[in-house]
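Encoded as structure tokens, the structure appears first; notes follow it.
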Amino acid sequence: MAVGNYIRERFFPHIWCPGCGHGIVLNGLLRAIENMGLKKNDIVMVSGIGCSSRIAGYLDFHTLHTIHGRALAFAVGVKMSRPELTLLVPMGDGDALSIGGNHFIHACRRNIDMTAIVMNNRTYGMTGGQYSPLSGYGTLATTAPYTNIDPEFDVVNMATAAGATFVARATAYHVLQLADVLEEAIRHKGFSVVEVMSPCPTYFGRKNKEGSAVDMMEKLKTTTTPLGSKAKQENPSLIERGVFVKKEMPEYCTEYQKIIERAMKGK
Amino acid sequence: MGGKLTFVQGNEACVEAALYAGLDFFAGYPITPSTEIAELMSVRLPRKGGMFMQMEDEIASICAIIGASLTGRKVLTATSGPGFSLMQEALGYAIMAEIPCVIVDVQRGGPSTGLPTKVSQGDVNQARWGVHGDHSIIALTASNHQDVFAITVDAFNFSETYRTPVILLFDEVVAHMREGLRIPEPGEIPLVERLKTSVREGVDYHPYLPREDGRLPMSDFGGVHRYNVTGLFHDMWGFPSENPQVVHDLLRHLVDKIESHVDEVTRYREYFVEDAEILLISYGSSARSALHVVADRRKHGERIGLLELQTLWPFPSALVREKTRNARYVVVVEMNMGQVLQSVRESVEKPERVFLSNRVDGVMISPVDIRNILRLIQGKGV
């Protein structure tokens with residue numbers, strides 16, 4: 001099926017600003033789905049609130065646009081009820097890790113089979129550029145006019161520590177790797193987390209003098225490096241991308257089926 | 001009468017009724033005095049192939065049941081005041097997106113952590129007004145286990161009929177008290193099942209276009225119709241809309257579908273109301289003490305009666321107005337600062353004749369407490 005068949009064309013052009021990375025994430029996701037040959041009726045996309053969450057409206061799947069921070073909690077209900085469906089949960093950085101931080105770590109811990117995509121643009125874009133838990137120390141934001149003193153989370157470390165069985169980082173610049181990583185994440189049986197570094201030239205970029213959208217793209221190229229590269233050893237400040245964790249652990253829905261069998265036998 | 005006789009807590013009666021109604025998905029978080037509901041569900045649901053989940057908090061619990069309901073399941077969560085506060089935003093989502101679900105709030109003393117193990121009826125107004133924005137809601141209660149059973153089945157039926165969340169406002173005394181319960185035979189109480197769309201695959205399905213009778217046939221999420229569900233104002237396809245006409249029509253629909261069915265969702269009991277000079281109005285465990293007073297004073301020849309409300313929201317104003325018409329005094333008996341009192345005063349012809357008999361100290365209101373208020377009203381002194 002061509003990528004175009006997965007979208008709700010009448011809602012285009014999308015609402016994202018020129019230079020925003022979110023459209024590239026959408027593209028990468030569709031390439032992954034196309035490559036896997038998934039059927040539209042078998043995909044449920046659950047999103048929260050924010051720029052990133054608008055992705056659900058553009059896609060011709062079963063789409064559940066929920067409330068801020070709670071996408072994973074809704075998704076858990078859908079998945080438990082219908083384990084045969086493929087669950088995709090795109091979230092923003094504030095959505096996933098500030099207001100939704102508790103749901104995020106517990107979804108990681110449960111290892112329920114779904115793919116969480118953290119579209120990290122380091123800001124609250126929809127509300128006009130306030131600092132997020134991923135903005136980082138020393139950045140500027142509309143609520144950090146004298147610089148931000150909040151250190152940031154590392155999504156990969158956090159997901160790993162919380163028990164996610166697939167953890168990866170990609171960027172909106174490395175589009176081919178993005179599609180590959182998303183496909184691997186969706187194929188993984190368990191809770192998958194993919195952080196996608198996605199530039200926000202309108203708010204984060206402008207506040208922090210990161211230049212044009214093209215400059216921000218260039219920065220994704222120059223400040224990141226493949227996992228385990230020699231460049232990282234020489235320059236520890238580089239951000240690694242790739243698959244950090246991929247392990248087999250009991251999956252929640254499968255385990256619950258065993259509970260049902262045990263209960264029915266009266267044990 | 002067939003059925004199985006049991007001796008149970010109110011929380012257990014609620015569990016039995018939910019299972020009777022066809023519940024197959026529960027998500028919750030431990031909180032006194034509702035915890036027995038979660039514990040029992042964890043035992044009973046998997047035995048029938050249903051699912052129990054203990055979530056990370058009450059917010060996740062209500063979100064999970066909403067997700068599960070969308071796929072076609074009958075769902076429930078149970079909590080108490082603090083958890084009910086946390087659920088309000090998602091409750092509003094379920095109202096807006098018209099997703100059937102039932103929420104039990106076993107009331108305890110509040111505000112805040114309050115009196116975790118003591119009785120209260122302080123969440124009546126929160127059940128009605130806790131969600132931001134204009135809306136309407138159904139909230140039910142009961143004073144004894146047979147009625148807890150019946151009203152819980154009603155909650156599921158109303159939830160499916162009107163595609164809306166329904167609140168079960170029980171209280172700590174009813175929840176923890178043990179008494180007899182006859183579990184009805186299957187089929188004895190009619191059940192309302194999810195109204196599914198008859199629109200076939202490939203034909204344009206409008207998930208948010210009400211039928212002429214106001215009901216919305218649903219397509220299970222994950223089924224043959226792909227559509228959008230959102231907490232934003234939305235059009236008949238479920239897509240966000242800021243069109244003033246669409247917004248206006250949806251808000252009116254959400255309110256009207258409940259407010260125009262007050263008679264259908266009103267449940268109550270009445271005792272000696274016909275000739276009552278003094279009419280007590282009560283609900284939940286308070287109604288037990290009120291009924292005791294009525295039975296006792298009737299023996300002494302006093303013309304006193306009780307109207308026991310089981311539907312608290314939408315408030316049955318017409319019923320209250322009619323039943324109070326001949327009473328010289330109306331006394332609302334409740335364990336809060338007068339939450340139902342307000343609604344009664346708004347409903348009756350002579351609000352100055354409506355008095356409050358309450359207790360707000362974590363102790364169940366007793367017949368003596370009510371008697372003392374009656375003596376004051378009658379000028380007899382305490």
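By convention in this document, the chains of the structure tokens carry letters A, B, ... by their order, each chain's residues are numbered from 1, and ligands are numbered from 1 in the order they are shown.
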
>> Set the distance at 12 Å and use only C-alpha atoms: which residues neighbour Gly37 (chain A) once local chain neighbours fewer than 3 positions away are removed? I'd like the list as an MDAnalysis selection string.
In response: chainID A and resid 1:3 5:6 30:34 40:43 183 186:187

Could those selected residues go to a file with N, CA and C atoms, as a PDB file, in the first residue's frame?
```
ATOM      1  N   MET A   1       0.855  -1.199   0.000  1.00  0.00           N
ATOM      2  CA  MET A   1       0.000   0.000   0.000  1.00  0.00           C
ATOM      3  C   MET A   1       0.891   1.250   0.000  1.00  0.00           C
ATOM      4  N   ALA A   2       0.554   2.199  -0.864  1.00  0.00           N
ATOM      5  CA  ALA A   2       1.362   3.421  -0.922  1.00  0.00           C
ATOM      6  C   ALA A   2       1.178   4.229   0.366  1.00  0.00           C
ATOM      7  N   VAL A   3       2.226   4.959   0.729  1.00  0.00           N
ATOM      8  CA  VAL A   3       2.202   5.742   1.964  1.00  0.00           C
ATOM      9  C   VAL A   3       0.984   6.668   2.018  1.00  0.00           C
ATOM     10  N   ASN A   5      -1.928   6.265   1.141  1.00  0.00           N
ATOM     11  CA  ASN A   5      -3.181   5.627   1.552  1.00  0.00           C
ATOM     12  C   ASN A   5      -3.367   5.569   3.066  1.00  0.00           C
ATOM     13  N   TYR A   6      -2.315   5.871   3.783  1.00  0.00           N
ATOM     14  CA  TYR A   6      -2.412   5.823   5.247  1.00  0.00           C
ATOM     15  C   TYR A   6      -2.875   7.156   5.851  1.00  0.00           C
ATOM     16  N   LEU A  30       5.239   6.289   8.643  1.00  0.00           N
ATOM     17  CA  LEU A  30       4.465   5.696   7.546  1.00  0.00           C
ATOM     18  C   LEU A  30       5.325   4.762   6.698  1.00  0.00           C
ATOM     19  N   ARG A  31       6.587   5.141   6.487  1.00  0.00           N
ATOM     20  CA  ARG A  31       7.492   4.264   5.721  1.00  0.00           C
ATOM     21  C   ARG A  31       7.655   2.924   6.460  1.00  0.00           C
ATOM     22  N   ALA A  32       7.776   3.024   7.777  1.00  0.00           N
ATOM     23  CA  ALA A  32       7.942   1.803   8.573  1.00  0.00           C
ATOM     24  C   ALA A  32       6.695   0.921   8.463  1.00  0.00           C
ATOM     25  N   ILE A  33       5.529   1.552   8.567  1.00  0.00           N
ATOM     26  CA  ILE A  33       4.265   0.804   8.515  1.00  0.00           C
ATOM     27  C   ILE A  33       4.070   0.193   7.132  1.00  0.00           C
ATOM     28  N   GLU A  34       4.401   0.978   6.105  1.00  0.00           N
ATOM     29  CA  GLU A  34       4.272   0.490   4.735  1.00  0.00           C
ATOM     30  C   GLU A  34       5.175  -0.718   4.519  1.00  0.00           C
ATOM     31  N   LYS A  40      -4.548  -0.968   7.890  1.00  0.00           N
ATOM     32  CA  LYS A  40      -5.030   0.210   8.623  1.00  0.00           C
ATOM     33  C   LYS A  40      -5.976  -0.169   9.763  1.00  0.00           C
ATOM     34  N   ASN A  41      -6.797  -1.177   9.541  1.00  0.00           N
ATOM     35  CA  ASN A  41      -7.763  -1.584  10.569  1.00  0.00           C
ATOM     36  C   ASN A  41      -7.099  -2.213  11.790  1.00  0.00           C
ATOM     37  N   ASP A  42      -5.837  -2.578  11.645  1.00  0.00           N
ATOM     38  CA  ASP A  42      -5.151  -3.241  12.766  1.00  0.00           C
ATOM     39  C   ASP A  42      -4.319  -2.279  13.602  1.00  0.00           C
ATOM     40  N   ILE A  43      -4.337  -0.998  13.229  1.00  0.00           N
ATOM     41  CA  ILE A  43      -3.491  -0.034  13.936  1.00  0.00           C
ATOM     42  C   ILE A  43      -4.351   0.933  14.746  1.00  0.00           C
ATOM     43  N   GLU A 183      10.439   0.805  12.640  1.00  0.00           N
ATOM     44  CA  GLU A 183       9.976  -0.526  12.238  1.00  0.00           C
ATOM     45  C   GLU A 183      10.435  -1.584  13.246  1.00  0.00           C
ATOM     46  N   ILE A 186       8.331  -1.278  16.343  1.00  0.00           N
ATOM     47  CA  ILE A 186       6.963  -1.809  16.201  1.00  0.00           C
ATOM     48  C   ILE A 186       6.993  -3.338  16.174  1.00  0.00           C
ATOM     49  N   ARG A 187       8.007  -3.893  15.520  1.00  0.00           N
ATOM     50  CA  ARG A 187       8.106  -5.351  15.447  1.00  0.00           C
ATOM     51  C   ARG A 187       8.433  -5.969  16.804  1.00  0.00           C
TER      52      ARG A 187
END
```

>> Quick one: residues within 12 Å of region 247-257 of chain A, only C-alpha atoms, excluding same-chain residues fewer than 2 positions away - as a VMD selection string?
In response: (chain A and resid 76 to 85 106 to 114 160 163 to 167 185 188 to 192 243 to 245 259 to 264) or (chain B and resid 42 45 to 53)

> If you run DSSP on this backbone, which residues of region 56-227 of chain A come out as alpha helix (DSSP H), and could you give them as a count of residues only?
Replying inline: 56

> Once you count only C-alpha atoms, which residues of chain B turn out to be within 7 Å of chain A? Could you give them as a ChimeraX atom specification?
Replying inline: /B:46-47,49,56,60,63-68,71,221-224,226-231

Residues of the last selection are to be written out with C-alpha atoms, as a JSON list (two decimals), in the first residue's frame.
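So the final result, stored in part-v8.json, reads:
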```
[["chain", "number", "residue", "atom", "x", "y", "z"],
["B", 46, "PRO", "CA", -10.08, -13.53, 35.12],
["B", 47, "ARG", "CA", -12.32, -16.48, 36.01],
["B", 49, "GLY", "CA", -12.03, -14.26, 30.90],
["B", 56, "GLU", "CA", -0.20, 3.38, 38.73],
["B", 60, "ALA", "CA", -4.44, 5.95, 34.72],
["B", 63, "CYS", "CA", -8.07, 6.37, 31.27],
["B", 64, "ALA", "CA", -7.53, 2.61, 30.91],
["B", 65, "ILE", "CA", -11.21, 1.81, 31.34],
["B", 66, "ILE", "CA", -12.16, 4.44, 28.78],
["B", 67, "GLY", "CA", -9.72, 2.85, 26.32],
["B", 68, "ALA", "CA", -11.12, -0.60, 27.02],
["B", 71, "THR", "CA", -13.16, -1.59, 22.14],
["B", 221, "PHE", "CA", -12.31, 0.47, 18.19],
["B", 222, "GLY", "CA", -10.19, -1.94, 16.22],
["B", 223, "GLY", "CA", -13.19, -3.00, 14.13],
["B", 224, "VAL", "CA", -14.06, -2.28, 10.52],
["B", 226, "ARG", "CA", -11.76, 3.72, 11.52],
["B", 227, "TYR", "CA", -12.66, 7.00, 13.16],
["B", 228, "ASN", "CA", -11.29, 9.68, 15.45],
["B", 229, "VAL", "CA", -12.12, 10.10, 19.12],
["B", 230, "THR", "CA", -11.17, 13.36, 20.80],
["B", 231, "GLY", "CA", -11.89, 15.52, 23.82]]
```

>> If we count only C-alpha atoms and set the cut-off at 12 Å, which residues sit around Ile62 (chain B), ignoring sequence neighbours fewer than 4 positions away in its own chain? Please answer as an MDAnalysis selection string.
In response: (chainID A and resid 67 70:71 73:77) or (chainID B and resid 25:29 53:58 66:69 75:79 83:94 99:104 165)

>> For the strand (DSSP E or B) assignment from backbone DSSP, which residues of region 2-231 of chain A qualify? Please present them as a PyMOL selection string.
In response: chain A and resi 7+43-47+59+62-65+86-92+114-120+123-124+130-131+141+144+166-171+191-197+224-226

>> Excluding Val331 (chain B) and its own-chain neighbours fewer than 3 positions away, which residues fall within 7 Å of it when counting only C-alpha atoms? Please give them as a list in words.
In response: Leu279, Leu280, Ile281, Val354, Phe355, Leu356 and Ser357 of chain B

Can you tell me, as an mmCIF file with N, CA and C atoms, in the first residue's frame, what residues are no more than 9 Å from region 263-269 of chain B when counting only C-alpha atoms, ignoring any on the same chain fewer than 2 positions away?
```cif
data_model
loop_
_atom_site.group_PDB
_atom_site.id
_atom_site.type_symbol
_atom_site.label_atom_id
_atom_site.label_comp_id
_atom_site.auth_asym_id
_atom_site.auth_seq_id
_atom_site.Cartn_x
_atom_site.Cartn_y
_atom_site.Cartn_z
ATOM 1 N N ILE B 138 -24.995 11.499 35.339
ATOM 2 C CA ILE B 138 -25.884 10.641 36.123
ATOM 3 C C ILE B 138 -25.106 10.140 37.336
ATOM 4 N N LEU B 140 -25.818 7.906 41.023
ATOM 5 C CA LEU B 140 -26.792 7.066 41.733
ATOM 6 C C LEU B 140 -26.239 6.623 43.075
ATOM 7 N N ILE B 151 -29.039 -0.907 41.748
ATOM 8 C CA ILE B 151 -28.644 0.406 41.222
ATOM 9 C C ILE B 151 -27.333 0.284 40.431
ATOM 10 N N ASP B 154 -28.388 -0.800 37.131
ATOM 11 C CA ASP B 154 -28.936 0.393 36.470
ATOM 12 C C ASP B 154 -27.814 1.267 35.918
ATOM 13 N N PHE B 158 -27.743 2.511 32.193
ATOM 14 C CA PHE B 158 -27.828 3.930 31.814
ATOM 15 C C PHE B 158 -26.591 4.335 31.017
ATOM 16 N N ILE B 258 -29.253 13.755 28.743
ATOM 17 C CA ILE B 258 -29.495 13.340 30.126
ATOM 18 C C ILE B 258 -30.665 14.115 30.731
ATOM 19 N N SER B 260 -33.167 15.477 29.440
ATOM 20 C CA SER B 260 -34.494 15.181 28.884
ATOM 21 C C SER B 260 -34.939 13.757 29.228
ATOM 22 N N HIS B 261 -34.118 13.048 30.003
ATOM 23 C CA HIS B 261 -34.505 11.694 30.426
ATOM 24 C C HIS B 261 -34.488 11.542 31.943
ATOM 25 N N TYR B 271 -41.613 5.951 51.778
ATOM 26 C CA TYR B 271 -42.207 5.306 52.944
ATOM 27 C C TYR B 271 -43.143 6.301 53.637
ATOM 28 N N TYR B 283 -30.712 9.616 51.656
ATOM 29 C CA TYR B 283 -30.135 8.712 50.651
ATOM 30 C C TYR B 283 -28.928 8.021 51.269
ATOM 31 N N LEU B 306 -40.713 9.199 54.613
ATOM 32 C CA LEU B 306 -39.345 9.292 54.068
ATOM 33 C C LEU B 306 -39.377 9.166 52.558
ATOM 34 N N LEU B 307 -38.708 10.089 51.896
ATOM 35 C CA LEU B 307 -38.426 9.961 50.465
ATOM 36 C C LEU B 307 -36.939 9.643 50.349
ATOM 37 N N GLU B 308 -36.654 8.425 49.918
ATOM 38 C CA GLU B 308 -35.238 8.032 49.776
ATOM 39 C C GLU B 308 -34.825 8.177 48.317
ATOM 40 N N LEU B 309 -33.889 9.085 48.079
ATOM 41 C CA LEU B 309 -33.418 9.305 46.713
ATOM 42 C C LEU B 309 -32.337 8.287 46.366
ATOM 43 N N GLN B 310 -32.434 7.713 45.193
ATOM 44 C CA GLN B 310 -31.357 6.844 44.691
ATOM 45 C C GLN B 310 -30.664 7.493 43.496
ATOM 46 N N THR B 311 -31.420 8.291 42.759
ATOM 47 C CA THR B 311 -30.796 9.105 41.711
ATOM 48 C C THR B 311 -30.560 10.495 42.295
ATOM 49 N N LEU B 312 -29.300 10.876 42.408
ATOM 50 C CA LEU B 312 -28.976 12.203 42.938
ATOM 51 C C LEU B 312 -28.781 13.216 41.812
ATOM 52 N N TRP B 313 -28.237 12.720 40.675
ATOM 53 C CA TRP B 313 -28.074 13.579 39.491
ATOM 54 C C TRP B 313 -28.454 12.799 38.254
ATOM 55 N N PRO B 314 -29.181 13.354 37.324
ATOM 56 C CA PRO B 314 -29.794 14.676 37.381
ATOM 57 C C PRO B 314 -30.796 14.732 38.531
ATOM 58 N N PHE B 315 -30.814 15.848 39.259
ATOM 59 C CA PHE B 315 -31.633 15.920 40.457
ATOM 60 C C PHE B 315 -33.121 15.833 40.094
ATOM 61 N N PRO B 316 -33.852 14.921 40.760
ATOM 62 C CA PRO B 316 -35.265 14.721 40.402
ATOM 63 C C PRO B 316 -36.149 15.810 41.009
ATOM 64 N N LEU B 319 -40.050 15.359 41.026
ATOM 65 C CA LEU B 319 -40.455 14.354 42.004
ATOM 66 C C LEU B 319 -40.455 14.947 43.405
#
```

Show me, as a PDB file with N, CA and C atoms, in the first residue's frame, the residues that have an atom within 8 Å of His135 (chain B) when counting only C-alpha atoms, minus same-chain residues fewer than 5 positions from it.
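Printed below is around08.pdb as written:
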```
ATOM      1  N   ILE B  95     -17.273  12.066  29.060  1.00  0.00           N
ATOM      2  CA  ILE B  95     -18.529  12.774  28.772  1.00  0.00           C
ATOM      3  C   ILE B  95     -18.476  13.337  27.356  1.00  0.00           C
ATOM      4  N   LEU B 251     -22.700  20.553  22.544  1.00  0.00           N
ATOM      5  CA  LEU B 251     -22.889  20.829  23.970  1.00  0.00           C
ATOM      6  C   LEU B 251     -24.341  20.613  24.382  1.00  0.00           C
ATOM      7  N   LEU B 254     -25.002  16.897  24.600  1.00  0.00           N
ATOM      8  CA  LEU B 254     -24.425  16.261  25.790  1.00  0.00           C
ATOM      9  C   LEU B 254     -25.285  16.514  27.031  1.00  0.00           C
ATOM     10  N   VAL B 255     -25.840  17.726  27.114  1.00  0.00           N
ATOM     11  CA  VAL B 255     -26.666  18.068  28.273  1.00  0.00           C
ATOM     12  C   VAL B 255     -28.077  17.495  28.110  1.00  0.00           C
TER      13      VAL B 255
END
```

> Excluding same-chain residues fewer than 4 positions from region 296-304 of chain B, what lies within 9 Å of it counting only C-alpha atoms, as a list in words?
Replying inline: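 My list of contacting residues is Tyr271, Phe272, Val273, Asp275, Ala276, Glu277, Ile278, Leu279, Leu280, Leu291, His292 and Ala327 of chain B.
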
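Here the question is which of A:Leu97, A:Cys17, A:Met217, A:Leu87 gets nearest to Ala159 (chain A) using only C-alpha atoms, and that residue is A:Leu97.
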
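With CA of Leu374 (chain B) on one side and CA of Gly305 (chain B) on the other, the separation reads 12.5 Å.
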
>> Could you check the closest approach to Asp123 (chain B) for each of B:Glu274, B:Glu98, B:Asp171, B:Glu346 and tell me which residue wins, using only C-alpha atoms?
In response: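 The answer is B:Asp171, which sits nearest to Asp123 (chain B).
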
> Looking at only C-alpha atoms, which of B:Asp213, B:Glu188, B:Glu259, B:Asp105 is the one that sits closest to Phe170 (chain B)?
Replying inline: B:Asp105
